[in-house]
Structures are given as structure tokens and as C-alpha cells.
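Source file: target.txt. Holds: compact mmCIF, C-alpha atoms and all ligand atoms.
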```txt
# COMPACT_ATOMS: atom_id res chain seq x y z
CA MET A 137 0.00 0.00 0.00
CA GLN A 138 1.35 3.45 -0.89
CA PRO A 139 1.60 5.82 2.07
CA HIS A 140 -0.46 9.01 1.95
CA ALA A 141 1.17 11.64 -0.26
CA GLN A 142 1.45 14.05 2.67
CA GLN A 143 3.41 11.65 4.87
CA PRO A 144 7.07 11.44 3.83
CA MET A 145 8.64 7.98 3.92
CA HIS A 146 11.83 7.87 5.97
CA THR A 147 14.76 5.71 4.99
CA ASP A 148 18.56 5.63 5.10
CA VAL A 149 19.06 5.72 1.34
CA LEU A 150 16.74 6.62 -1.52
CA VAL A 151 17.73 4.88 -4.76
CA ILE A 152 16.51 6.70 -7.88
CA GLY A 153 16.15 4.16 -10.69
CA ALA A 154 15.25 0.45 -10.69
CA GLY A 155 17.42 -0.54 -13.65
CA PRO A 156 20.06 -3.25 -13.16
CA ALA A 157 22.32 -0.83 -11.25
CA GLY A 158 19.52 0.37 -8.93
CA LEU A 159 18.29 -3.17 -8.21
CA TYR A 160 21.77 -4.42 -7.39
CA GLN A 161 22.22 -1.29 -5.24
CA ALA A 162 19.17 -2.35 -3.24
CA PHE A 163 20.67 -5.82 -2.74
CA GLN A 164 24.03 -4.47 -1.60
CA LEU A 165 22.43 -1.98 0.81
CA GLY A 166 20.21 -4.70 2.24
CA LEU A 167 23.21 -6.96 2.71
CA LEU A 168 24.97 -4.26 4.74
CA GLY A 169 21.85 -3.64 6.87
CA VAL A 170 21.20 -0.19 5.43
CA SER A 171 17.52 0.62 4.80
CA PHE A 172 16.45 1.86 1.38
CA GLU A 173 13.55 2.71 -0.90
CA VAL A 174 13.83 2.35 -4.69
CA VAL A 175 11.83 4.56 -7.07
CA ASP A 176 11.36 4.35 -10.85
CA ALA A 177 9.36 6.26 -13.42
CA LEU A 178 8.46 3.07 -15.31
CA PRO A 179 5.62 0.75 -14.24
CA MET A 180 8.12 -2.13 -14.07
CA ALA A 181 11.62 -2.69 -12.77
CA GLY A 182 14.60 -3.39 -15.04
CA GLY A 183 15.40 -0.04 -16.71
CA GLN A 184 16.72 -0.31 -20.27
CA CYS A 185 16.94 -4.13 -20.07
CA ALA A 186 13.20 -4.48 -19.42
CA ALA A 187 11.98 -1.47 -21.41
CA LEU A 188 14.20 -1.48 -24.50
CA TYR A 189 15.36 -5.06 -25.07
CA PRO A 190 13.41 -7.50 -22.84
CA ASP A 191 13.77 -10.45 -25.25
CA LYS A 192 17.33 -9.92 -26.50
CA PRO A 193 20.02 -12.18 -25.05
CA ILE A 194 22.84 -10.47 -23.15
CA TYR A 195 26.10 -12.42 -23.25
CA ASP A 196 28.37 -10.46 -20.89
CA ILE A 197 26.76 -10.71 -17.44
CA PRO A 198 29.35 -12.29 -15.10
CA GLY A 199 28.69 -15.96 -14.51
CA ILE A 200 25.64 -16.12 -16.79
CA PRO A 201 26.47 -17.24 -20.34
CA ALA A 202 23.25 -15.82 -21.84
CA ILE A 203 20.18 -14.15 -20.36
CA ASN A 204 17.60 -11.80 -21.81
CA GLY A 205 16.70 -8.41 -20.33
CA GLN A 206 13.48 -9.54 -18.69
CA ALA A 207 15.01 -12.67 -17.17
CA LEU A 208 17.96 -10.66 -15.84
CA THR A 209 15.51 -8.29 -14.17
CA GLN A 210 13.66 -11.20 -12.60
CA GLN A 211 16.92 -12.68 -11.31
CA LEU A 212 17.95 -9.33 -9.81
CA LEU A 213 14.56 -8.99 -8.14
CA ALA A 214 14.80 -12.55 -6.82
CA GLN A 215 18.25 -11.78 -5.41
CA CYS A 216 16.82 -8.67 -3.71
CA SER A 217 13.82 -10.52 -2.30
CA PRO A 218 15.19 -10.89 1.27
CA PHE A 219 15.16 -7.07 1.44
CA MET A 220 12.37 -6.24 -1.00
CA ARG A 221 9.67 -8.84 -0.45
CA MET A 222 6.87 -9.21 -2.94
CA LEU A 223 3.48 -8.27 -1.55
CA PRO A 224 1.23 -11.30 -1.00
CA GLY A 225 -0.88 -12.61 -3.88
CA HIS A 226 1.41 -11.57 -6.75
CA SER A 227 3.50 -13.59 -9.17
CA ASP A 228 7.21 -12.99 -9.57
CA LEU A 229 7.17 -10.33 -12.30
CA PRO A 230 9.08 -7.05 -12.77
CA HIS A 231 5.90 -5.04 -12.19
CA ALA A 232 4.68 -6.98 -9.13
CA PRO A 233 4.33 -4.72 -6.08
CA ARG A 234 7.18 -5.16 -3.64
CA GLU A 235 8.11 -3.65 -0.33
CA HIS A 236 10.42 -0.65 -0.74
CA LEU A 237 9.89 -0.45 -4.52
CA HIS A 238 7.84 2.46 -5.89
CA LEU A 239 7.06 2.18 -9.60
CA GLY A 240 5.46 4.81 -11.83
CA GLN A 241 7.01 7.64 -9.79
CA VAL A 242 9.11 10.28 -11.57
CA ILE A 243 11.45 12.02 -9.15
CA ASP A 244 11.48 15.69 -10.03
CA ALA A 245 12.71 17.52 -6.94
CA LEU A 246 15.60 16.91 -4.59
CA GLN A 247 16.19 19.24 -1.67
CA PRO A 248 19.63 18.63 -0.11
CA PRO A 249 19.99 18.60 3.69
CA ALA A 250 20.52 21.99 5.32
CA ASN A 251 23.07 20.52 7.77
CA ALA A 252 24.72 17.20 8.73
CA GLN A 253 21.76 16.16 10.95
CA ASP A 254 19.15 16.98 8.31
CA THR A 255 17.85 14.73 5.51
CA PHE A 256 17.35 14.99 1.77
CA GLU A 257 13.76 15.62 0.78
CA ILE A 258 12.87 13.98 -2.51
CA THR A 259 9.49 14.26 -4.21
CA SER A 260 7.88 12.67 -7.23
CA THR A 261 5.64 14.33 -9.80
CA GLN A 262 2.95 11.92 -8.60
CA GLY A 263 3.07 13.48 -5.11
CA LEU A 264 5.06 11.04 -2.95
CA THR A 265 7.83 12.34 -0.68
CA TRP A 266 10.82 10.56 0.83
CA ARG A 267 13.27 11.74 3.47
CA SER A 268 16.65 10.04 3.40
CA ARG A 269 20.13 10.59 4.75
CA ALA A 270 21.74 9.62 1.46
CA VAL A 271 20.65 9.33 -2.17
CA VAL A 272 21.98 6.97 -4.84
CA ILE A 273 21.15 8.15 -8.35
CA ALA A 274 20.93 5.14 -10.67
CA GLY A 275 18.97 7.01 -13.32
CA GLY A 276 20.63 5.57 -16.44
CA VAL A 277 19.97 7.79 -19.43
CA GLY A 278 17.04 9.46 -17.67
CA ALA A 279 13.49 8.70 -16.60
CA PHE A 280 11.77 6.63 -19.27
CA VAL A 281 8.55 8.38 -20.10
CA PRO A 282 6.21 7.22 -22.90
CA ARG A 283 5.83 9.60 -25.84
CA GLU A 284 2.31 11.00 -25.81
CA TRP A 285 -0.22 11.12 -28.65
CA PRO A 286 -1.41 14.70 -28.36
CA ILE A 287 -5.17 15.12 -28.76
CA PRO A 288 -6.19 18.77 -29.21
CA GLY A 289 -8.31 19.96 -26.28
CA VAL A 290 -7.37 17.07 -23.95
CA THR A 291 -5.05 18.46 -21.31
CA ASN A 292 -5.31 15.72 -18.67
CA LEU A 293 -3.90 12.79 -20.68
CA HIS A 294 -1.97 11.43 -17.70
CA GLN A 295 -5.16 11.27 -15.60
CA LEU A 296 -7.19 9.15 -18.04
CA SER A 297 -7.89 5.71 -16.59
CA ASN A 298 -8.40 3.99 -19.99
CA LEU A 299 -5.26 5.39 -21.62
CA HIS A 300 -2.32 2.95 -21.52
CA HIS A 301 1.26 2.87 -22.77
CA HIS A 302 2.63 -0.48 -21.63
CA LEU A 303 1.84 -4.08 -22.51
CA PRO A 304 1.51 -6.71 -19.81
CA GLU A 305 4.61 -8.88 -19.53
CA ALA A 306 4.55 -12.06 -21.63
CA SER A 307 4.41 -14.27 -18.53
CA ASP A 308 1.53 -12.30 -16.94
CA THR A 309 -1.62 -14.43 -17.18
CA ARG A 310 -4.02 -11.90 -15.66
CA ALA A 311 -6.69 -10.40 -17.95
CA PRO A 312 -5.55 -7.00 -19.27
CA PRO A 313 -8.00 -4.07 -18.85
CA TRP A 314 -9.00 -4.22 -22.56
CA ALA A 315 -9.88 -7.95 -22.56
CA GLY A 316 -13.10 -8.43 -24.57
CA GLN A 317 -13.36 -4.70 -25.37
CA HIS A 318 -12.58 -2.34 -28.23
CA LEU A 319 -8.95 -1.24 -28.14
CA MET A 320 -7.51 1.58 -30.21
CA VAL A 321 -3.74 1.36 -30.72
CA ALA A 322 -1.91 4.52 -31.78
CA GLY A 323 1.40 4.30 -33.65
CA GLY A 324 2.98 2.93 -36.80
CA GLY A 325 6.40 1.68 -35.71
CA ASP A 326 7.69 -1.59 -34.23
CA GLU A 327 6.22 -0.84 -30.77
CA ALA A 328 2.67 -0.34 -32.05
CA LEU A 329 2.70 -3.22 -34.52
CA THR A 330 4.25 -5.60 -31.99
CA ALA A 331 1.41 -4.71 -29.62
CA VAL A 332 -1.23 -5.29 -32.29
CA VAL A 333 0.18 -8.71 -33.27
CA GLN A 334 0.69 -9.80 -29.66
CA LEU A 335 -2.76 -8.70 -28.48
CA ALA A 336 -4.67 -9.96 -31.52
CA ASN A 337 -3.10 -13.40 -31.06
CA GLN A 338 -3.95 -13.76 -27.38
CA PRO A 339 -6.54 -16.38 -26.41
CA ALA A 340 -10.15 -15.17 -26.38
CA PRO A 341 -10.61 -14.29 -22.69
CA LEU A 342 -7.51 -12.06 -22.77
CA ALA A 343 -7.69 -10.58 -26.29
CA PRO A 344 -9.54 -7.36 -27.11
CA ALA A 345 -12.88 -7.89 -28.90
CA HIS A 346 -11.51 -5.75 -31.73
CA ILE A 347 -8.44 -3.63 -32.42
CA THR A 348 -8.32 -0.40 -34.40
CA LEU A 349 -4.83 0.67 -35.34
CA VAL A 350 -4.38 4.39 -36.00
CA HIS A 351 -1.30 5.88 -37.67
CA ARG A 352 -0.90 9.26 -39.30
CA ARG A 353 -0.21 7.79 -42.74
CA HIS A 354 -0.81 4.59 -44.70
CA ALA A 355 2.80 3.31 -44.54
CA PHE A 356 4.17 1.80 -41.33
CA THR A 357 7.76 2.19 -40.16
CA ALA A 358 8.01 -1.30 -38.63
CA THR A 359 10.02 -4.34 -39.77
CA PRO A 360 8.78 -6.15 -42.92
CA GLU A 361 7.79 -9.19 -40.78
CA LEU A 362 5.59 -7.10 -38.47
CA ASN A 363 4.17 -5.25 -41.44
CA GLU A 364 3.17 -8.51 -43.07
CA GLN A 365 1.64 -9.92 -39.87
CA VAL A 366 -0.50 -6.80 -39.39
CA GLN A 367 -1.58 -6.81 -43.06
CA THR A 368 -2.73 -10.43 -42.56
CA LEU A 369 -4.71 -9.49 -39.43
CA MET A 370 -6.31 -6.64 -41.38
CA ALA A 371 -7.17 -8.93 -44.28
CA GLN A 372 -8.78 -11.36 -41.78
CA GLY A 373 -10.88 -8.50 -40.36
CA ARG A 374 -9.33 -8.88 -36.90
CA VAL A 375 -7.73 -5.44 -37.03
CA THR A 376 -9.11 -2.27 -38.61
CA PHE A 377 -6.65 0.33 -39.80
CA VAL A 378 -7.36 4.07 -39.97
CA ALA A 379 -4.80 6.53 -41.35
CA GLY A 380 -5.40 9.78 -39.51
CA ILE A 381 -4.48 12.19 -36.75
CA PRO A 382 -6.54 13.00 -33.68
CA MET A 383 -8.36 16.32 -33.72
CA ALA A 384 -10.74 16.05 -30.74
CA ALA A 385 -11.98 13.65 -28.08
CA GLN A 386 -14.95 13.25 -25.82
CA VAL A 387 -13.79 12.72 -22.24
CA THR A 388 -16.23 11.77 -19.50
CA GLY A 389 -14.74 11.93 -16.02
CA GLU A 390 -11.46 10.05 -16.25
CA ARG A 391 -12.38 8.10 -19.38
CA ILE A 392 -11.86 8.91 -23.01
CA GLU A 393 -15.04 7.77 -24.81
CA HIS A 394 -14.74 8.89 -28.45
CA ILE A 395 -11.86 10.10 -30.58
CA THR A 396 -12.38 12.17 -33.71
CA LEU A 397 -9.67 11.72 -36.34
CA THR A 398 -8.96 13.63 -39.51
CA THR A 399 -8.24 10.88 -41.97
CA ALA A 400 -5.38 10.97 -44.47
CA GLU A 401 -8.04 11.85 -47.05
CA GLY A 402 -9.08 14.90 -44.98
CA GLN A 403 -12.39 13.48 -43.71
CA PRO A 404 -13.36 13.60 -40.01
CA THR A 405 -14.30 10.25 -38.46
CA THR A 406 -15.36 9.60 -34.87
CA LEU A 407 -14.61 6.26 -33.20
CA HIS A 408 -15.79 4.88 -29.88
CA VAL A 409 -12.97 3.54 -27.69
CA ASP A 410 -13.09 1.39 -24.59
CA HIS A 411 -9.32 1.61 -24.16
CA LEU A 412 -6.53 3.52 -25.92
CA LEU A 413 -3.01 2.10 -26.08
CA VAL A 414 -0.43 4.66 -27.20
CA ARG A 415 2.73 2.98 -28.55
CA LEU A 416 4.96 5.75 -29.80
CA GLY A 417 8.06 4.66 -27.88
CA LEU A 418 9.74 5.75 -24.68
CA SER A 419 11.90 8.82 -24.43
CA PRO A 420 14.44 9.20 -21.63
CA ARG A 421 14.27 12.53 -19.79
CA MET A 422 17.31 13.58 -17.82
CA GLY A 423 15.43 16.82 -17.00
CA PRO A 424 15.29 17.17 -13.24
CA ILE A 425 18.55 15.39 -12.39
CA THR A 426 20.59 17.90 -14.40
CA GLN A 427 19.14 20.72 -12.30
CA TRP A 428 20.20 19.48 -8.87
CA GLY A 429 23.52 21.34 -9.04
CA MET A 430 25.90 18.35 -9.15
CA ALA A 431 29.07 18.48 -11.25
CA MET A 432 28.46 16.94 -14.67
CA GLU A 433 30.42 16.00 -17.74
CA ARG A 434 28.60 15.44 -21.04
CA LYS A 435 25.20 14.91 -19.33
CA GLN A 436 26.64 12.41 -16.83
CA LEU A 437 27.24 12.93 -13.11
CA LEU A 438 30.92 13.15 -12.23
CA VAL A 439 31.80 10.81 -9.37
CA ASN A 440 34.76 9.79 -7.28
CA SER A 441 35.32 6.28 -8.66
CA SER A 442 36.28 4.79 -5.28
CA THR A 443 33.05 5.83 -3.50
CA MET A 444 30.72 6.90 -6.35
CA ALA A 445 30.18 10.17 -4.45
CA THR A 446 28.99 13.09 -6.57
CA SER A 447 29.94 16.69 -5.86
CA LEU A 448 26.86 16.96 -3.59
CA PRO A 449 27.61 15.53 -0.11
CA GLY A 450 25.45 12.47 0.61
CA ALA A 451 24.53 11.96 -3.06
CA TYR A 452 26.08 9.07 -5.01
CA ALA A 453 25.66 8.07 -8.66
CA ILE A 454 26.08 4.65 -10.29
CA GLY A 455 25.42 2.94 -13.62
CA ASP A 456 24.99 4.69 -16.95
CA ILE A 457 24.31 8.07 -15.35
CA CYS A 458 27.75 8.45 -13.77
CA THR A 459 31.13 9.11 -15.26
CA TYR A 460 34.76 8.90 -14.17
CA PRO A 461 37.99 8.18 -16.04
CA GLY A 462 37.57 4.83 -17.77
CA LYS A 463 33.79 4.55 -17.21
CA LEU A 464 32.03 1.97 -19.42
CA ARG A 465 28.26 1.94 -19.82
CA LEU A 466 27.87 -1.78 -19.15
CA VAL A 467 25.67 -3.68 -16.71
CA ALA A 468 28.72 -5.35 -15.11
CA CYS A 469 30.27 -1.94 -14.36
CA GLY A 470 27.00 -0.79 -12.75
CA PHE A 471 27.13 -3.81 -10.40
CA HIS A 472 30.66 -2.94 -9.29
CA GLU A 473 29.69 0.70 -8.76
CA ALA A 474 26.64 -0.31 -6.68
CA THR A 475 28.89 -2.38 -4.41
CA LEU A 476 31.26 0.53 -3.83
CA ALA A 477 28.37 2.97 -3.28
CA ALA A 478 26.76 0.66 -0.69
CA HIS A 479 29.99 0.53 1.33
CA ALA A 480 30.36 4.32 1.02
CA CYS A 481 26.77 4.79 2.28
CA LEU A 482 27.51 2.50 5.25
CA ALA A 483 30.65 4.50 6.05
CA GLN A 484 28.69 7.76 5.86
CA LEU A 485 25.63 6.64 7.83
CA TYR A 486 26.93 4.00 10.24
CA PRO A 487 30.72 4.48 10.54
CA GLN A 488 30.72 2.40 13.73
CA ALA A 489 29.40 -0.60 11.73
CA CYS A 490 32.28 -0.56 9.24
CA GLY A 491 34.79 -3.32 9.84
CA PRO A 492 36.72 -5.90 7.88
CA LEU A 493 35.14 -6.98 4.59
CA GLN A 494 32.69 -9.86 5.09
CA TYR A 495 31.82 -12.65 2.67
CA THR A 496 28.35 -14.05 2.05
CA THR A 497 29.84 -17.54 2.11
CA SER A 498 31.04 -17.24 5.69
CA SER A 499 29.69 -14.17 7.55
CA GLU A 500 26.94 -15.06 10.01
CA ALA A 501 25.66 -11.50 9.98
CA LEU A 502 25.30 -11.47 6.19
CA LEU A 503 23.77 -14.96 6.11
CA LYS A 504 21.27 -13.87 8.75
CA ARG A 505 20.27 -10.85 6.69
CA LEU A 506 19.85 -13.11 3.67
CA GLY A 507 17.62 -15.39 5.73
CA LYS A 508 20.11 -18.27 5.37
CA ALA A 509 21.18 -18.64 9.00
C1 LIG B 1 19.78 -2.06 -27.12
C2 LIG B 1 20.73 -2.12 -25.97
C3 LIG B 1 21.49 -3.27 -25.78
C4 LIG B 1 22.40 -3.34 -24.71
N1 LIG B 1 23.13 -4.48 -24.54
C5 LIG B 1 23.98 -4.58 -23.48
C6 LIG B 1 24.77 -5.74 -23.27
O1 LIG B 1 24.73 -6.69 -24.07
N2 LIG B 1 25.57 -5.79 -22.18
C7 LIG B 1 25.66 -4.75 -21.28
O2 LIG B 1 26.39 -4.86 -20.30
N3 LIG B 1 24.94 -3.62 -21.48
C8 LIG B 1 24.11 -3.50 -22.54
N4 LIG B 1 23.39 -2.36 -22.74
C9 LIG B 1 23.57 -1.25 -21.79
C10 LIG B 1 22.81 -1.52 -20.49
O3 LIG B 1 21.43 -1.72 -20.79
C11 LIG B 1 22.97 -0.33 -19.55
O4 LIG B 1 24.34 -0.18 -19.27
C12 LIG B 1 22.21 -0.57 -18.26
O5 LIG B 1 20.83 -0.73 -18.48
C13 LIG B 1 22.42 0.62 -17.32
O6 LIG B 1 21.75 0.34 -16.14
P1 LIG B 1 21.28 1.51 -15.16
O7 LIG B 1 20.59 0.83 -14.04
O8 LIG B 1 22.44 2.40 -14.88
O9 LIG B 1 20.29 2.42 -16.02
P2 LIG B 1 18.91 2.07 -16.77
O10 LIG B 1 18.84 0.67 -17.19
O11 LIG B 1 18.78 3.13 -17.81
O12 LIG B 1 17.82 2.31 -15.64
C14 LIG B 1 17.64 3.58 -15.11
C15 LIG B 1 16.24 3.70 -14.55
O13 LIG B 1 16.14 4.94 -13.85
C16 LIG B 1 14.86 5.49 -14.06
N5 LIG B 1 14.91 6.94 -13.83
C17 LIG B 1 15.76 7.85 -14.37
N6 LIG B 1 15.51 9.08 -13.91
C18 LIG B 1 14.45 8.95 -13.05
C19 LIG B 1 13.71 9.88 -12.27
N7 LIG B 1 13.97 11.20 -12.28
N8 LIG B 1 12.68 9.41 -11.54
C20 LIG B 1 12.37 8.08 -11.54
N9 LIG B 1 13.05 7.16 -12.25
C21 LIG B 1 14.07 7.59 -13.00
C22 LIG B 1 14.54 5.14 -15.52
O14 LIG B 1 13.12 5.13 -15.75
C23 LIG B 1 15.16 3.74 -15.66
O15 LIG B 1 14.24 2.71 -15.43
C24 LIG B 1 22.51 -2.24 -23.81
C25 LIG B 1 21.74 -1.10 -24.00
C26 LIG B 1 20.87 -1.03 -25.07
C27 LIG B 1 20.04 0.22 -25.26
```
Turn the structure described in the file into C-alpha cells.
Ligand SMILES: Cc1cc2nc3c(=O)[nH]c(=O)nc-3n(C[C@H](O)[C@H](O)[C@H](O)COP(=O)(O)OP(=O)(O)OC[C@H]3O[C@@H](n4cnc5c(N)ncnc54)[C@H](O)[C@@H]3O)c2cc1C
Amino acid sequence: MQPHAQQPMHTDVLVIGAGPAGLYQAFQLGLLGVSFEVVDALPMAGGQCAALYPDKPIYDIPGIPAINGQALTQQLLAQCSPFMRMLPGHSDLPHAPREHLHLGQVIDALQPPANAQDTFEITSTQGLTWRSRAVVIAGGVGAFVPREWPIPGVTNLHQLSNLHHHLPEASDTRAPPWAGQHLMVAGGGDEALTAVVQLANQPAPLAPAHITLVHRRHAFTATPELNEQVQTLMAQGRVTFVAGIPMAAQVTGERIEHITLTTAEGQPTTLHVDHLLVRLGLSPRMGPITQWGMAMERKQLLVNSSTMATSLPGAYAIGDICTYPGKLRLVACGFHEATLAAHACLAQLYPQACGPLQYTTSSEALLKRLGKA
């Protein structure tokens, strides 16, 4: 359950970003007994791996010969589970609600502590607030935000309950909101056509009753294979295609009911929609992070490579968002950086707890935290 927007959540470390670096950061902090909360703009964990290439095999994760982006995310979440338990009644998926993980929250403001006893105050655009003694920024190339399909006159797009941007994960067997209803899909690239093919081919209880695909012109910009699959669905009457751009919509409360399009031929046409799925891609927004006053080099946060500390005391940066001499934007490097940042956070917050390095194979304290002793 999300706490009330007016009540800040208190924690030792706020981790911004639930990509591979942020998830491994959570594990390392948990291992050292440091409390944390992890926040991400996306509705699922995994960052670029889950959002940009969930099905592509990655061949350079240490100790794993090949794993795709989604499976890597699931493994990282499983590794974190002693410290980030899944809430009861959910299956083990990157979007399943977990303790200490806040998805769909874009961090836009960070107020540094006024003095050594004070805390950072971090707020999301969605209205949640956290107070923490340290912050680890694992923001990758920025907050992944879906590109919108602007509809003239509709100013509250982000409040519409039947407007969607993301597909359920392949292994999610729950009925999607559009099951058995009319779904309009907006877009003409790989993302939109993949969605159309995937949803049209779902079994009856999960599939939409009908799909209307809307793109501004007759030609798609997707791969020839996707193009062909969608043409087949159209020929079978399972998908209707309209070339046009939105010019108006009828919104009732939080639902979009009808969309009026100007077709490629210049004619207005009004369509009823039960659900609208906008698939125009994700665009990363560095926006707020660049305005927090930390030293940067070419849009990356400059860090001390032995602690991952930024120029702002108490703020650390790891993964693709940080830079230092020799930095490589690879998952393996993000894991190393998360380990160093966790130890630096421990030294900052609990200096009395720092001692000789402990191993998970032999340390009773670590095994206890992992629930293995
Ligand atoms: C097509 C492709 C293939 C790749 N293949 C490989 C490979 O084979 N091997 C390899 O090692 N690397 C590969 N990479 C690179 C790898 O994906 C990145 O190095 C890795 O994802 C970086 O992890 P990260 O956690 O630092 O950032 P990300 O994965 O980018 O995650 C950052 C997260 O932070 C969130 N975020 C950012 N700002 C905010 C904010 N203000 N509020 C809330 N949330 C925010 C974002 O939404 C995002 O989910 C590939 C990358 C691409 C694009």
C-alpha cells in the first residue's frame, strides 16, 4: 500500500532508478543492513533491459552465459527478495508490487539537507515524498517516459484511466483491462505493430474484442515481418486500420469515450474507444537530475570512482548516469559501482558498523540478513 502523499517515507538511502544498477544497489544496501527505498518512473523494474530489449540475449553478465533483459531483471529482483519482499498474492514479475519499490514515480525535486543532521527531501511528480540521509542516483539515461499522442483539447492525458502505454509482460496471465473490449492502438512503428500482433493473437478471454490501429499515414515504419503480420490481421478482419491524426476527443470523467480523427483523405471520423493504447516509444528525460547542481560532464554525473560520491555531499551516482575516467556503460560496471556505493553509504551513515570486509559464504551477519542462517 502506498503511504499518503502528505506523509514522507523515511529511509537511510533513496535509490533513484530500478534498472540493473539500482536493483543491485538495493541488494548491496540490504546486505549491509542499510535501509532503502527504490523509485522508478516506469511501471516495471529493469530499466533499459526491461523497457528497450526484454527479449534480447545479453552475453556479458558475469557468470551467466546468456540471459535476456526480462530474465535478468527477474533474477535481480529474486536476489533482492530478502530485502524487497513481494506483496502477498502476486506472481514474480518485474511489475509486481514489492516492499520498498515504488514504480510509476518520476522524481522531479531533490532538496539537499541543510546541515549534517538533516535529511534529503525527494518528491515525485505523482506526489510522494521521501526523506533520506543519502541518495543513490541510478537514473541511467534518464526517466523513461512514454511519448504522448497529443489530442487537441485534452489536457489531462496522464489522468485518463483507460489510456495505456505499456503491454503486460509475456508471462503475466491476468486479464488486461482491454480484454473483450474495443482497443484503439496509436502508432505505426515496431512498438505499435508488436502490440497489435501480440494482443490480436492472445486467447479469447484475454484478447480485445476488436483492435483499431491508427497511424498518421498509410505506410508503417516497422520491420517487414511485423508489417506482413498486421496486413494479414487486417485482411482477416481482426484489425481495422485508420490513417489519420486525432483532432478532438470526448472525455467523461477520467475516461476517453470517443476520438475524432482527420483521416489521411481529410475526412473527419469519430470512433468509440473502450481503451486507448499509445505505442509511440519511450523517451528518456534527464530533465530534473541535471538541475540538482551536481558536477556533470557530457550529461553524466561526475563521481569519485572509489566511492561513487557526486559533488553533492550524501549523493552518489552509479550505472549509466555516472562518469569517471575509464567509465564503461555496461551492466557489469553498474554492479561494481553499486557495491562501492553501498559501502560508502555504510561508512557515511553508520561508521561504527564498518569493519573488515565480510563474505556471504562465511559471515553469520550477512547470512542472517539473507535469511540463510
Ligand atoms: C539495445 C541495448 C542493448 C544493450 N546491450 C547490453 C549488453 O549486451 N551488455 C551490457 O552490459 N549492457 C548492454 N546495454 C547497456 C545496459 O542496458 C545499460 O548499461 C544498463 O541498463 C544501465 O543500467 P542503469 O541501471 O544504470 O540504467 P537504466 O537501465 O537506464 O535504468 C535507469 C532507470 O532509472 C529510471 N529513472 C531515471 N531518472 C528517473 C527519475 N527522475 N525518476 C524516476 N526514475 C528515473 C529510468 O526510468 C530507468 O528505469 C545495452 C543497452 C541497449 C540500449
Original post:
Using all atoms listed in the file, which protein or nucleic acid residues are at most 7 Å from ligand LIG 1 (chain B), as a PyMOL selection string?
Top reply: chain A and resi 152-158+175-178+181-185+188-189+194-197+241-244+274-280+421-422+424-425+454-457+465-468+470
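Each of A:Val272, A:Leu167, A:Ala453, A:Val281 was checked against Pro420 in chain A using all atoms listed in the file; the smallest atom-to-atom distance is that of A:Val281.
Residues with at least one atom no more than 8 Å from (3.0, 2.6, -43.0), using only C-alpha atoms, are Gly324, His351, Arg353, His354, Ala355, Phe356, Thr357 and Ala358 of chain A.
Computed from the coordinates, the CA of Ala343 in chain A to CA of Thr209 in chain A distance equals 26.3 Å.
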Original post:
Interatomic distance between CA of Asn298 in chain A and CA of Gln334 in chain A?
Top reply: 19.1 Å
**OP:** For His408 in chain A, work out the shell of residues within 9 Å, counting all atoms listed in the file and skipping chain neighbours fewer than 6 positions away, then give it as a list in words.
**Re:** His318, Met320, Ile392, Glu393, His394, Ile395 and Thr396 of chain A
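Our summary of the geometry notes that CA of Ala186 in chain A is positioned 28.6 Å from CA of Ser442 in chain A.
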Subject >> Counting only C-alpha atoms, the residue of A:Leu412, A:Pro198, A:Glu361, A:Ser217 that sits nearest Glu284 in chain A >> reply: A:Leu412
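Compared by their closest atoms to Phe256 in chain A, and using all atoms listed in the file, the residues A:Leu165, A:Met145, A:Leu299, A:Met222 rank with A:Met145 nearest.
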**OP:** Please identify all polymer residues within 6 Å of Thr265 in chain A, counting all atoms listed in the file, omitting same-chain residues fewer than 6 positions from it, and present them as an MDAnalysis selection string.
**Re:** chainID A and resid 144 258:259
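Closest approach to Leu329 in chain A among A:Gly417, A:Pro249, A:Gly169, A:Gly373: A:Gly417, based on all atoms listed in the file.
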**OP:** Check the smallest atom-to-atom distance from each of A:Pro179, A:Gly491, A:Pro449, A:Gly225 to His238 in chain A using all atoms listed in the file, then report the winner.
**Re:** A:Pro179
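For the choices A:Ala311, A:Cys458, A:Val151, A:Leu476, the atom-to-atom distance to Arg269 in chain A is smallest for A:Val151 when using only C-alpha atoms.
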Subject >> Surrounding residues of range 492-509 of chain A excluding itself and chain neighbours under 4 positions, 12 Å, only C-alpha atoms, as a PyMOL selection string >> reply: chain A and resi 163-171+214-221+475-476+479+488
Output of the above residues as a JSON list (two decimals), in the coordinates of the input, restricted to C-alpha atoms:
```json
[["chain", "number", "residue", "atom", "x", "y", "z"],
["A", 163, "PHE", "CA", 20.67, -5.82, -2.74],
["A", 164, "GLN", "CA", 24.03, -4.47, -1.60],
["A", 165, "LEU", "CA", 22.43, -1.98, 0.81],
["A", 166, "GLY", "CA", 20.21, -4.70, 2.24],
["A", 167, "LEU", "CA", 23.21, -6.96, 2.71],
["A", 168, "LEU", "CA", 24.97, -4.26, 4.74],
["A", 169, "GLY", "CA", 21.85, -3.64, 6.87],
["A", 170, "VAL", "CA", 21.20, -0.19, 5.43],
["A", 171, "SER", "CA", 17.52, 0.62, 4.80],
["A", 214, "ALA", "CA", 14.80, -12.55, -6.82],
["A", 215, "GLN", "CA", 18.25, -11.78, -5.41],
["A", 216, "CYS", "CA", 16.82, -8.67, -3.71],
["A", 217, "SER", "CA", 13.82, -10.52, -2.30],
["A", 218, "PRO", "CA", 15.19, -10.89, 1.27],
["A", 219, "PHE", "CA", 15.16, -7.07, 1.44],
["A", 220, "MET", "CA", 12.37, -6.24, -1.00],
["A", 221, "ARG", "CA", 9.67, -8.84, -0.45],
["A", 475, "THR", "CA", 28.89, -2.38, -4.41],
["A", 476, "LEU", "CA", 31.26, 0.53, -3.83],
["A", 479, "HIS", "CA", 29.99, 0.53, 1.33],
["A", 488, "GLN", "CA", 30.72, 2.40, 13.73]]
```
**OP:** Dig up all the protein and nucleic acid residues within 12 Å of (30.9, 19.0, -11.2) in the file frame, using all atoms listed in the file, and format them as a PyMOL selection string.
**Re:** chain A and resi 426-440+445-448+458-460
